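Engineer: What follows is data.txt; its format and atoms are compact mmCIF, C-alpha atoms.
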# COMPACT_ATOMS: atom_id res chain seq x y z
CA MET A 1 -16.88 5.76 27.20
CA LEU A 2 -20.25 5.05 25.58
CA ALA A 3 -18.73 5.57 22.14
CA ASP A 4 -15.93 3.13 23.04
CA LEU A 5 -18.43 0.46 24.12
CA ALA A 6 -20.48 1.05 20.96
CA LEU A 7 -17.34 0.56 18.83
CA ILE A 8 -16.51 -2.71 20.64
CA ALA A 9 -20.10 -3.98 20.24
CA LEU A 10 -20.23 -3.02 16.56
CA ALA A 11 -16.89 -4.71 15.85
CA ALA A 12 -18.05 -7.83 17.72
CA LEU A 13 -21.31 -8.04 15.81
CA THR A 14 -19.84 -7.49 12.33
CA ALA A 15 -16.86 -9.80 12.99
CA GLY A 16 -19.12 -12.53 14.40
CA VAL A 17 -21.41 -12.43 11.39
CA GLY A 18 -18.40 -12.26 9.06
CA ALA A 19 -16.71 -15.28 10.68
CA ILE A 20 -19.74 -17.50 10.04
CA GLY A 21 -19.53 -16.95 6.28
CA GLY A 22 -15.79 -16.26 5.94
CA LEU A 23 -16.58 -12.75 4.72
CA GLY A 24 -14.74 -10.57 7.21
CA GLY A 25 -16.80 -7.90 8.92
CA ALA A 26 -15.10 -4.81 7.48
CA VAL A 27 -17.41 -4.55 4.51
CA ILE A 28 -20.25 -3.83 6.97
CA LEU A 29 -18.23 -2.19 9.79
CA VAL A 30 -16.56 0.49 7.66
CA PRO A 31 -19.77 1.88 6.04
CA VAL A 32 -21.50 1.98 9.45
CA LEU A 33 -18.56 3.90 10.97
CA VAL A 34 -18.55 6.31 8.02
CA LEU A 35 -22.31 6.82 8.30
CA SER A 36 -21.83 7.60 12.01
CA GLY A 37 -19.48 10.44 11.12
CA MET A 38 -16.00 8.87 11.15
CA PRO A 39 -13.77 9.90 8.22
CA ILE A 40 -13.08 7.05 5.77
CA VAL A 41 -9.29 7.38 6.31
CA GLU A 42 -9.84 6.49 9.98
CA ALA A 43 -12.56 3.89 9.43
CA SER A 44 -10.74 1.81 6.78
CA PRO A 45 -7.73 0.82 8.96
CA LEU A 46 -10.16 -0.10 11.76
CA GLY A 47 -11.94 -2.37 9.27
CA LEU A 48 -8.63 -4.06 8.42
CA ILE A 49 -7.80 -4.50 12.13
CA SER A 50 -11.23 -6.09 12.69
CA VAL A 51 -10.66 -8.55 9.83
CA VAL A 52 -7.21 -9.59 11.12
CA ALA A 53 -8.37 -9.93 14.75
CA ALA A 54 -11.49 -11.93 13.83
CA SER A 55 -9.49 -14.14 11.44
CA VAL A 56 -6.90 -14.95 14.14
CA ALA A 57 -9.53 -15.47 16.87
CA ALA A 58 -11.72 -17.74 14.71
CA SER A 59 -8.79 -19.86 13.55
CA GLY A 60 -8.32 -21.71 16.87
CA ARG A 61 -11.79 -23.29 16.68
CA GLN A 62 -11.59 -23.84 12.91
CA LEU A 63 -8.20 -25.56 13.17
CA ARG A 64 -9.52 -27.90 15.89
CA ASP A 65 -12.50 -28.72 13.64
CA GLY A 66 -10.17 -29.39 10.67
CA THR A 67 -12.22 -27.10 8.42
CA VAL A 68 -9.33 -24.90 7.21
CA ASN A 69 -7.63 -26.12 4.02
CA HIS A 70 -4.32 -24.23 4.17
CA ARG A 71 -3.11 -25.64 0.86
CA VAL A 72 -6.14 -24.30 -1.00
CA GLY A 73 -5.77 -21.04 0.96
CA VAL A 74 -2.09 -20.56 0.07
CA VAL A 75 -2.61 -21.30 -3.64
CA ALA A 76 -5.72 -19.10 -3.89
CA GLU A 77 -4.15 -16.29 -1.87
CA SER A 78 -1.05 -16.20 -4.11
CA ALA A 79 -3.29 -15.43 -7.09
CA ALA A 80 -5.44 -13.01 -5.08
CA THR A 81 -2.41 -11.11 -3.73
CA VAL A 82 -0.92 -10.68 -7.23
CA GLY A 83 -4.34 -9.42 -8.38
CA ALA A 84 -4.61 -7.07 -5.40
CA ILE A 85 -1.17 -5.54 -6.06
CA VAL A 86 -1.99 -4.99 -9.75
CA GLY A 87 -5.38 -3.57 -8.75
CA ALA A 88 -3.90 -1.23 -6.15
CA LEU A 89 -1.40 0.08 -8.72
CA ALA A 90 -4.18 0.59 -11.28
CA VAL A 91 -6.55 2.52 -8.98
CA GLY A 92 -8.41 5.15 -10.99
CA VAL A 93 -8.47 3.19 -14.26
CA VAL A 94 -12.09 2.16 -13.63
CA SER A 95 -14.54 4.63 -12.08
CA GLU A 96 -15.32 3.83 -8.44
CA ARG A 97 -19.07 4.00 -9.04
CA LEU A 98 -18.94 1.53 -11.96
CA LEU A 99 -16.68 -0.77 -9.94
CA THR A 100 -19.07 -0.75 -7.00
CA TRP A 101 -21.99 -1.66 -9.24
CA ILE A 102 -19.96 -4.49 -10.83
CA ILE A 103 -19.08 -5.85 -7.37
CA ALA A 104 -22.71 -5.56 -6.22
CA VAL A 105 -23.93 -7.52 -9.26
CA VAL A 106 -21.22 -10.19 -8.74
CA ILE A 107 -22.23 -10.49 -5.08
CA VAL A 108 -25.93 -10.86 -5.88
CA ALA A 109 -25.06 -13.56 -8.47
CA ALA A 110 -22.95 -15.36 -5.83
CA ALA A 111 -25.83 -15.07 -3.34
CA ALA A 112 -28.24 -16.55 -5.89
CA MET A 113 -25.87 -19.46 -6.58
CA SER A 114 -25.39 -20.14 -2.85
CA GLY A 115 -29.03 -19.73 -1.87
CA ARG A 116 -30.60 -21.64 -4.78
CA ARG A 117 -28.68 -24.90 -4.31
CA LYS A 118 -30.39 -27.51 -2.14
CA GLY A 119 -28.83 -30.19 0.07
CA ILE A 120 -25.10 -30.86 0.36
CA ARG A 121 -22.66 -31.69 -2.44
CA TRP A 122 -20.33 -34.03 -0.55
CA HIS A 123 -21.60 -36.95 1.52
CA PRO A 124 -20.16 -38.90 4.49
CA ASP A 125 -17.81 -41.81 3.73
CA THR A 126 -18.12 -44.54 6.38
CA SER A 127 -14.80 -46.10 5.36
CA LEU A 128 -12.96 -43.03 6.72
CA ASP A 129 -12.27 -42.41 10.41
CA ALA A 130 -11.60 -39.20 12.35
CA SER A 131 -7.88 -39.25 11.46
CA ALA A 132 -8.87 -38.36 7.85
CA VAL A 133 -10.37 -35.03 8.94
CA GLY A 134 -8.36 -32.05 7.69
CA GLU A 135 -6.31 -31.45 4.56
CA TRP A 136 -4.45 -34.22 2.77
CA VAL A 137 -0.72 -34.17 1.97
CA GLY A 138 0.36 -33.36 -1.59
CA SER A 139 -3.08 -32.33 -2.86
CA LEU A 140 -5.89 -29.86 -2.36
CA ASN A 141 -8.24 -32.64 -1.20
CA GLY A 142 -9.37 -33.17 2.36
CA ALA A 143 -12.23 -34.14 4.64
CA TYR A 144 -14.29 -32.45 7.32
CA ASP A 145 -16.40 -33.57 10.25
CA LEU A 146 -20.16 -33.32 9.85
CA ASN A 147 -22.01 -34.32 13.04
CA GLY A 148 -19.52 -37.12 13.76
CA SER A 149 -19.35 -38.38 10.14
CA VAL A 150 -16.28 -37.85 7.96
CA VAL A 151 -17.06 -36.10 4.67
CA PRO A 152 -14.29 -36.18 2.03
CA TYR A 153 -14.11 -33.49 -0.67
CA ARG A 154 -12.10 -32.85 -3.81
CA PRO A 155 -11.93 -29.33 -5.28
CA ARG A 156 -13.07 -29.06 -8.92
CA ARG A 157 -12.17 -26.55 -11.66
CA THR A 158 -9.09 -25.57 -9.65
CA VAL A 159 -7.38 -23.54 -12.39
CA PHE A 160 -10.59 -21.62 -13.15
CA GLY A 161 -11.27 -21.09 -9.44
CA VAL A 162 -7.74 -19.84 -8.72
CA SER A 163 -7.97 -17.53 -11.76
CA LEU A 164 -11.21 -16.11 -10.36
CA MET A 165 -9.44 -15.62 -7.01
CA GLY A 166 -6.87 -13.55 -8.92
CA LEU A 167 -9.69 -11.50 -10.45
CA ALA A 168 -11.27 -11.12 -6.98
CA GLY A 169 -7.90 -9.83 -5.77
CA LEU A 170 -7.78 -7.39 -8.68
CA VAL A 171 -11.22 -6.05 -7.78
CA THR A 172 -10.32 -5.77 -4.07
CA GLY A 173 -7.13 -3.90 -4.99
CA LEU A 174 -9.02 -1.54 -7.30
CA ALA A 175 -11.89 -0.91 -4.88
CA GLY A 176 -9.97 -1.08 -1.58
CA VAL A 177 -12.43 -3.59 -0.08
CA GLY A 178 -11.79 -6.96 1.53
CA GLY A 179 -12.36 -9.95 -0.72
CA GLY A 180 -14.05 -12.46 1.58
CA PHE A 181 -17.47 -11.85 0.05
CA MET A 182 -16.07 -13.06 -3.29
CA LYS A 183 -13.60 -15.70 -2.07
CA THR A 184 -16.09 -17.82 -0.11
CA PRO A 185 -18.63 -18.10 -2.99
CA ILE A 186 -15.82 -18.85 -5.51
CA ALA A 187 -14.41 -21.61 -3.28
CA SER A 188 -17.86 -23.01 -2.52
CA GLU A 189 -19.73 -22.67 -5.80
CA VAL A 190 -16.95 -22.75 -8.42
CA MET A 191 -14.37 -25.03 -6.76
CA HIS A 192 -17.04 -27.11 -4.99
CA LEU A 193 -15.45 -26.94 -1.53
CA PRO A 194 -17.95 -27.64 1.29
CA VAL A 195 -19.29 -24.27 2.47
CA LYS A 196 -17.82 -24.66 5.99
CA VAL A 197 -14.37 -25.42 4.52
CA ALA A 198 -14.74 -22.53 2.04
CA ALA A 199 -15.72 -20.13 4.86
CA ALA A 200 -12.94 -21.26 7.24
CA THR A 201 -10.32 -21.15 4.45
CA SER A 202 -11.54 -17.71 3.40
CA THR A 203 -11.30 -16.54 7.03
CA PHE A 204 -7.63 -17.63 6.97
CA THR A 205 -6.85 -15.90 3.65
CA ILE A 206 -8.64 -12.61 4.39
CA GLY A 207 -6.48 -12.33 7.53
CA LEU A 208 -3.41 -12.48 5.28
CA THR A 209 -4.78 -9.89 2.84
CA ALA A 210 -5.87 -7.54 5.62
CA SER A 211 -2.53 -7.72 7.43
CA VAL A 212 -0.67 -6.77 4.24
CA ALA A 213 -3.10 -3.90 3.64
CA LEU A 214 -2.61 -2.86 7.29
CA ALA A 215 1.18 -2.80 6.79
CA VAL A 216 0.72 -0.59 3.72
CA THR A 217 -1.60 1.71 5.72
CA ALA A 218 0.92 1.83 8.58
CA ILE A 219 3.60 3.02 6.14
CA ARG A 220 1.35 6.04 5.50
CA GLY A 221 0.82 6.42 9.27
CA ASP A 222 -2.99 6.41 9.19
CA ILE A 223 -3.70 4.06 12.12
CA ASP A 224 -5.32 5.12 15.40
CA VAL A 225 -4.05 2.34 17.70
CA ASN A 226 -6.32 3.34 20.61
CA ALA A 227 -9.45 2.82 18.52
CA GLY A 228 -7.67 -0.21 17.01
CA ALA A 229 -7.40 -1.84 20.46
CA LEU A 230 -11.15 -1.33 21.01
CA VAL A 231 -11.85 -2.93 17.63
CA VAL A 232 -9.50 -5.82 18.52
CA LEU A 233 -11.48 -6.47 21.71
CA GLY A 234 -14.77 -6.54 19.83
CA ALA A 235 -13.64 -8.33 16.66
CA ALA A 236 -11.69 -11.04 18.50
CA THR A 237 -14.76 -11.75 20.65
CA GLY A 238 -16.92 -11.80 17.51
CA GLY A 239 -14.47 -14.13 15.76
CA LEU A 240 -14.49 -16.58 18.70
CA VAL A 241 -18.29 -16.62 18.89
CA GLY A 242 -18.78 -16.72 15.09
CA ALA A 243 -16.48 -19.73 14.68
CA ARG A 244 -18.34 -21.63 17.44
CA LEU A 245 -21.68 -20.75 15.90
CA GLN A 246 -20.53 -21.88 12.46
CA ARG A 247 -19.61 -25.27 13.91
CA GLN A 248 -23.13 -25.78 15.26
CA LEU A 249 -25.00 -24.70 12.17
CA SER A 250 -25.72 -27.13 9.31
CA PRO A 251 -23.99 -26.51 5.95
CA VAL A 252 -27.34 -25.62 4.37
CA VAL A 253 -28.04 -22.99 7.05
CA VAL A 254 -24.50 -21.57 6.68
CA ARG A 255 -24.99 -21.35 2.91
CA ARG A 256 -28.35 -19.60 3.24
CA ALA A 257 -26.98 -17.24 5.91
CA LEU A 258 -24.09 -16.51 3.54
CA ALA A 259 -26.53 -15.77 0.70
CA ALA A 260 -28.54 -13.40 2.93
CA LEU A 261 -25.36 -11.65 4.09
CA LEU A 262 -24.16 -11.23 0.52
CA VAL A 263 -27.43 -9.50 -0.40
CA VAL A 264 -27.03 -7.16 2.62
CA ILE A 265 -23.44 -6.40 1.58
CA SER A 266 -24.46 -5.62 -2.01
CA VAL A 267 -27.14 -3.22 -0.71
CA VAL A 268 -24.57 -1.55 1.61
CA LEU A 269 -22.16 -1.15 -1.32
CA VAL A 270 -24.80 0.36 -3.61
CA VAL A 271 -25.94 2.77 -0.86
CA ARG A 272 -22.29 3.81 -0.35
CA ALA A 273 -21.93 4.42 -4.08
CA MET B 1 -3.36 -38.16 4.65
CA ASP B 2 -0.79 -36.83 7.11
CA PRO B 3 -0.38 -38.97 10.26
CA GLY B 4 0.94 -36.06 12.32
CA GLN B 5 -1.70 -33.64 11.11
CA VAL B 6 -4.12 -33.91 14.03
CA SER B 7 -1.45 -33.17 16.64
CA ALA B 8 0.04 -30.41 14.47
CA GLN B 9 -3.36 -28.74 14.04
CA LYS B 10 -4.05 -29.04 17.77
CA PHE B 11 -0.66 -27.48 18.53
CA LEU B 12 -1.29 -24.58 16.14
CA ALA B 13 -4.87 -24.14 17.40
CA THR B 14 -3.71 -24.04 21.03
CA LEU B 15 -0.90 -21.62 20.22
CA ILE B 16 -3.15 -19.22 18.29
CA GLY B 17 -5.99 -19.60 20.83
CA ARG B 18 -3.73 -18.69 23.77
CA ALA B 19 -2.11 -15.85 21.83
CA THR B 20 -5.59 -14.46 21.08
CA TYR B 21 -6.60 -14.41 24.76
CA VAL B 22 -3.26 -12.90 25.85
CA LEU B 23 -3.55 -10.18 23.20
CA MET B 24 -7.14 -9.44 24.23
CA VAL B 25 -6.01 -8.99 27.85
CA VAL B 26 -3.17 -6.69 26.73
CA ALA B 27 -5.63 -4.71 24.56
CA LEU B 28 -8.00 -4.33 27.53
CA ALA B 29 -5.09 -3.21 29.74
CA GLY B 30 -4.07 -0.68 27.10
CA VAL B 31 -7.60 0.71 26.85
CA LEU B 32 -8.03 0.96 30.64
CA MET B 33 -4.58 2.46 31.31
CA GLY B 34 -4.65 5.10 28.59
CA GLY B 35 -1.78 7.59 28.22
CA GLN B 36 1.56 6.74 26.66
CA ILE B 37 1.81 3.26 28.22
CA GLY B 38 -1.72 2.38 27.11
CA ARG B 39 -0.97 3.64 23.61
CA SER B 40 2.21 1.52 23.47
CA LEU B 41 0.28 -1.58 24.59
CA ASP B 42 -2.40 -0.90 21.95
CA GLY B 43 0.31 -0.57 19.29
CA ILE B 44 1.91 -3.87 20.35
CA VAL B 45 -1.48 -5.61 20.13
CA VAL B 46 -2.25 -4.31 16.62
CA VAL B 47 1.23 -5.15 15.28
CA THR B 48 1.22 -8.63 16.85
CA PHE B 49 -2.24 -9.43 15.48
CA ALA B 50 -1.08 -8.34 12.00
CA LEU B 51 1.98 -10.61 12.24
CA VAL B 52 0.12 -13.75 13.39
CA PRO B 53 -1.34 -14.78 9.98
CA TRP B 54 2.10 -14.57 8.36
CA LEU B 55 3.81 -16.43 11.22
CA ARG B 56 1.19 -19.11 10.60
CA VAL B 57 2.20 -19.32 6.91
CA LEU B 58 5.87 -19.53 7.92
CA TRP B 59 5.01 -22.35 10.33
CA LEU B 60 3.06 -24.14 7.57
CA VAL B 61 5.95 -23.80 5.09
CA ARG B 62 8.37 -25.31 7.62
CA ARG B 63 5.97 -28.13 8.40
CA TRP B 64 5.29 -28.92 4.73
CA GLN B 65 9.05 -28.97 4.08
CA ARG B 66 9.55 -31.35 6.99
CA ILE B 67 6.91 -33.85 5.79
CA GLY B 68 8.16 -33.67 2.18
CA ASP B 69 5.22 -31.72 0.71
CA LYS B 70 7.66 -29.63 -1.32
CA ARG B 71 5.17 -28.32 -3.90
CA PHE B 72 3.04 -26.59 -1.28
CA ALA B 73 6.09 -25.49 0.75
CA LEU B 74 7.19 -23.71 -2.43
CA ALA B 75 3.70 -22.23 -2.89
CA GLY B 76 3.80 -20.88 0.69
CA THR B 77 7.26 -19.38 0.15
CA LEU B 78 6.02 -17.80 -3.09
CA LEU B 79 3.04 -16.28 -1.24
CA ILE B 80 5.33 -14.72 1.39
CA GLY B 81 7.54 -13.36 -1.42
CA ILE B 82 4.55 -11.88 -3.27
CA ALA B 83 3.26 -10.21 -0.10
CA LEU B 84 6.69 -8.76 0.73
CA ALA B 85 6.99 -7.49 -2.85
CA GLY B 86 3.56 -5.88 -2.52
CA VAL B 87 4.53 -4.07 0.67
CA MET B 88 7.84 -2.96 -0.91
CA VAL B 89 6.06 -1.62 -4.01
CA SER B 90 3.57 0.28 -1.82
CA PHE B 91 6.47 1.70 0.19
CA LEU B 92 8.24 2.87 -2.97
CA VAL B 93 5.05 4.32 -4.50
CA ALA B 94 4.19 6.11 -1.22
Could you show the structure in this file as structure tokens?

Structural biologist:
Amino acid sequence: MLADLALIALAALTAGVGAIGGLGGAVILVPVLVLSGMPIVEASPLGLISVVAASVAASGRQLRDGTVNHRVGVVAESAATVGAIVGALAVGVVSERLLTWIIAVVIVAAAAMSGRRKGIRWHPDTSLDASAVGEWVGSLNGAYDLNGSVVPYRPRRTVFGVSLMGLAGLVTGLAGVGGGFMKTPIASEVMHLPVKVAAATSTFTIGLTASVALAVTAIRGDIDVNAGALVVLGAATGGLVGARLQRQLSPVVVRRALAALLVVISVVLVVRA
Amino acid sequence: MDPGQVSAQKFLATLIGRATYVLMVVALAGVLMGGQIGRSLDGIVVVTFALVPWLRVLWLVRRWQRIGDKRFALAGTLLIGIALAGVMVSFLVA
């Protein structure tokens, strides 16, 4: 009973933190479960379940706020999924230890980029009203609400950004980790999406990736649905709370929190290696 | 901009929000009941949660088709195709 409550609390905490930055909580949840004695083959599917549950739970709030850009998400996820399939088929080509170090260095670089930048990139446009909030038809552009003001944005370096999403997918396929910790910084720092839009869009796409990975895991029959239900309870609660918290925080705070989380994740990855 | 976007997003948000709460209640029932029935409820919750993101993409593709945003409707269809291909490849390799 105590172990069940601990699993719910852990899933809630990691999913809540993950939802704020669009990272997914599995990259923290799975190592903690493994360190507590759970075999990796049992912990990994629980990580995927936590990502899907938190992604679904957070999306209600994020959709109401108009921070999810589905068009960017669908385009980026197409590249990432192709990369992930190629990566999964090529597992073993690169040593796991080297791959982990590469990911850790990439994450620290992303954290430095996110944390170093000051202020916000996109500013309110008083000529726009609340009906402009959300994504715009026929393009990747959109606008989001910032304390009652409408802030339009236009993604930059789209081809380069989508190519990097493909590479992120390749790395996630090779390493068997979720890609949120790469997708949010790529969307925010390379494609210049506002960090809240990048995080909400990443939360949407990591749900897609995790559900495909979960289907693949289910084919092998490695899922403990009883523990999965406990993780659902915790992660869905965490997703709901994380999305609400993200709404109240300023973009600068979200970006700094994201940078701090990325450093923690890189440390967790190196310790695992 | 899409004039129907606000109502569409509210509809989707309400649908997903309610589904989340219903699934959480079913998950809690499954955990408390235990046994074969509890296990079945837990399985239903996990499978349904895994399907929701893809049902959302299907809904988006239909909506984009309806408002004439054909380029992104095609991109969404392509994404579903890629994901299905990925699952098929994994099935064959396994």

Engineer: Within 10 Å of Val31 of chain B, counting only C-alpha atoms, which residues qualify if same-chain residues fewer than 2 places away don't, as number ranges by chain?

Structural biologist: A: 4, 225-230, 233; B: 25-29, 33-35, 37-39, 41-42

Engineer: Tell me, in Å to one decimal, how far atom CA of Gly179 of chain A is from atom CA of Ile206 of chain A.

Structural biologist: 6.9 Å

Engineer: Pull out every residue of chain B that has at least one atom within 8 Å of chain A, counting all atoms listed in the file, and report them as a PDB file with C-alpha atoms, in the frame of the given file.

Structural biologist:
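Dumped everything to out.pdb:
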ATOM      1  CA  MET B   1      -3.360 -38.160   4.650  1.00  0.00           C
ATOM      2  CA  ASP B   2      -0.790 -36.830   7.110  1.00  0.00           C
ATOM      3  CA  PRO B   3      -0.380 -38.970  10.260  1.00  0.00           C
ATOM      4  CA  GLN B   5      -1.700 -33.640  11.110  1.00  0.00           C
ATOM      5  CA  VAL B   6      -4.120 -33.910  14.030  1.00  0.00           C
ATOM      6  CA  GLN B   9      -3.360 -28.740  14.040  1.00  0.00           C
ATOM      7  CA  LYS B  10      -4.050 -29.040  17.770  1.00  0.00           C
ATOM      8  CA  LEU B  12      -1.290 -24.580  16.140  1.00  0.00           C
ATOM      9  CA  ALA B  13      -4.870 -24.140  17.400  1.00  0.00           C
ATOM     10  CA  THR B  14      -3.710 -24.040  21.030  1.00  0.00           C
ATOM     11  CA  ILE B  16      -3.150 -19.220  18.290  1.00  0.00           C
ATOM     12  CA  GLY B  17      -5.990 -19.600  20.830  1.00  0.00           C
ATOM     13  CA  THR B  20      -5.590 -14.460  21.080  1.00  0.00           C
ATOM     14  CA  MET B  24      -7.140  -9.440  24.230  1.00  0.00           C
ATOM     15  CA  ALA B  27      -5.630  -4.710  24.560  1.00  0.00           C
ATOM     16  CA  LEU B  28      -8.000  -4.330  27.530  1.00  0.00           C
ATOM     17  CA  GLY B  30      -4.070  -0.680  27.100  1.00  0.00           C
ATOM     18  CA  VAL B  31      -7.600   0.710  26.850  1.00  0.00           C
ATOM     19  CA  ARG B  39      -0.970   3.640  23.610  1.00  0.00           C
ATOM     20  CA  ASP B  42      -2.400  -0.900  21.950  1.00  0.00           C
ATOM     21  CA  GLY B  43       0.310  -0.570  19.290  1.00  0.00           C
ATOM     22  CA  VAL B  45      -1.480  -5.610  20.130  1.00  0.00           C
ATOM     23  CA  VAL B  46      -2.250  -4.310  16.620  1.00  0.00           C
ATOM     24  CA  PHE B  49      -2.240  -9.430  15.480  1.00  0.00           C
ATOM     25  CA  ALA B  50      -1.080  -8.340  12.000  1.00  0.00           C
ATOM     26  CA  LEU B  51       1.980 -10.610  12.240  1.00  0.00           C
ATOM     27  CA  VAL B  52       0.120 -13.750  13.390  1.00  0.00           C
ATOM     28  CA  PRO B  53      -1.340 -14.780   9.980  1.00  0.00           C
ATOM     29  CA  TRP B  54       2.100 -14.570   8.360  1.00  0.00           C
ATOM     30  CA  ASP B  69       5.220 -31.720   0.710  1.00  0.00           C
ATOM     31  CA  ARG B  71       5.170 -28.320  -3.900  1.00  0.00           C
ATOM     32  CA  PHE B  72       3.040 -26.590  -1.280  1.00  0.00           C
ATOM     33  CA  ALA B  75       3.700 -22.230  -2.890  1.00  0.00           C
ATOM     34  CA  GLY B  76       3.800 -20.880   0.690  1.00  0.00           C
ATOM     35  CA  LEU B  78       6.020 -17.800  -3.090  1.00  0.00           C
ATOM     36  CA  LEU B  79       3.040 -16.280  -1.240  1.00  0.00           C
ATOM     37  CA  ILE B  82       4.550 -11.880  -3.270  1.00  0.00           C
ATOM     38  CA  ALA B  83       3.260 -10.210  -0.100  1.00  0.00           C
ATOM     39  CA  GLY B  86       3.560  -5.880  -2.520  1.00  0.00           C
ATOM     40  CA  VAL B  87       4.530  -4.070   0.670  1.00  0.00           C
ATOM     41  CA  SER B  90       3.570   0.280  -1.820  1.00  0.00           C
ATOM     42  CA  PHE B  91       6.470   1.700   0.190  1.00  0.00           C
ATOM     43  CA  ALA B  94       4.190   6.110  -1.220  1.00  0.00           C
TER      44      ALA B  94
END

Engineer: For atom CA of Gly4 of chain B and atom CA of Arg244 of chain A, determine how far apart the two atoms are, in Å to one decimal place.

Structural biologist: 24.6 Å

Engineer: Work out how far atom CA of Gly173 of chain A is from atom CA of Thr67 of chain A, in Å to one decimal.

Structural biologist: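 Distance between the two atoms: 27.3 Å.
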
Engineer: Give me segment 17-38 of chain B from this structure - C-alpha atoms, as a CSV table (one decimal), in the first residue's frame.

Structural biologist:
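Result file result.csv:
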chain,number,residue,atom,x,y,z
B,17,GLY,CA,-10.6,17.1,-19.9
B,18,ARG,CA,-13.7,15.0,-19.2
B,19,ALA,CA,-12.1,11.9,-20.7
B,20,THR,CA,-9.1,12.4,-18.4
B,21,TYR,CA,-11.3,12.7,-15.2
B,22,VAL,CA,-13.4,9.6,-16.3
B,23,LEU,CA,-10.2,7.6,-16.9
B,24,MET,CA,-8.7,8.6,-13.6
B,25,VAL,CA,-11.9,7.5,-11.8
B,26,VAL,CA,-11.8,4.1,-13.7
B,27,ALA,CA,-8.1,3.8,-12.8
B,28,LEU,CA,-8.9,4.4,-9.1
B,29,ALA,CA,-11.7,1.9,-9.2
B,30,GLY,CA,-9.4,-0.7,-10.8
B,31,VAL,CA,-6.7,-0.1,-8.2
B,32,LEU,CA,-9.2,-0.4,-5.3
B,33,MET,CA,-11.1,-3.4,-6.7
B,34,GLY,CA,-8.0,-5.5,-7.6
B,35,GLY,CA,-8.4,-9.1,-8.9
B,36,GLN,CA,-9.4,-9.9,-12.5
B,37,ILE,CA,-12.0,-7.0,-12.8
B,38,GLY,CA,-9.5,-4.5,-11.4
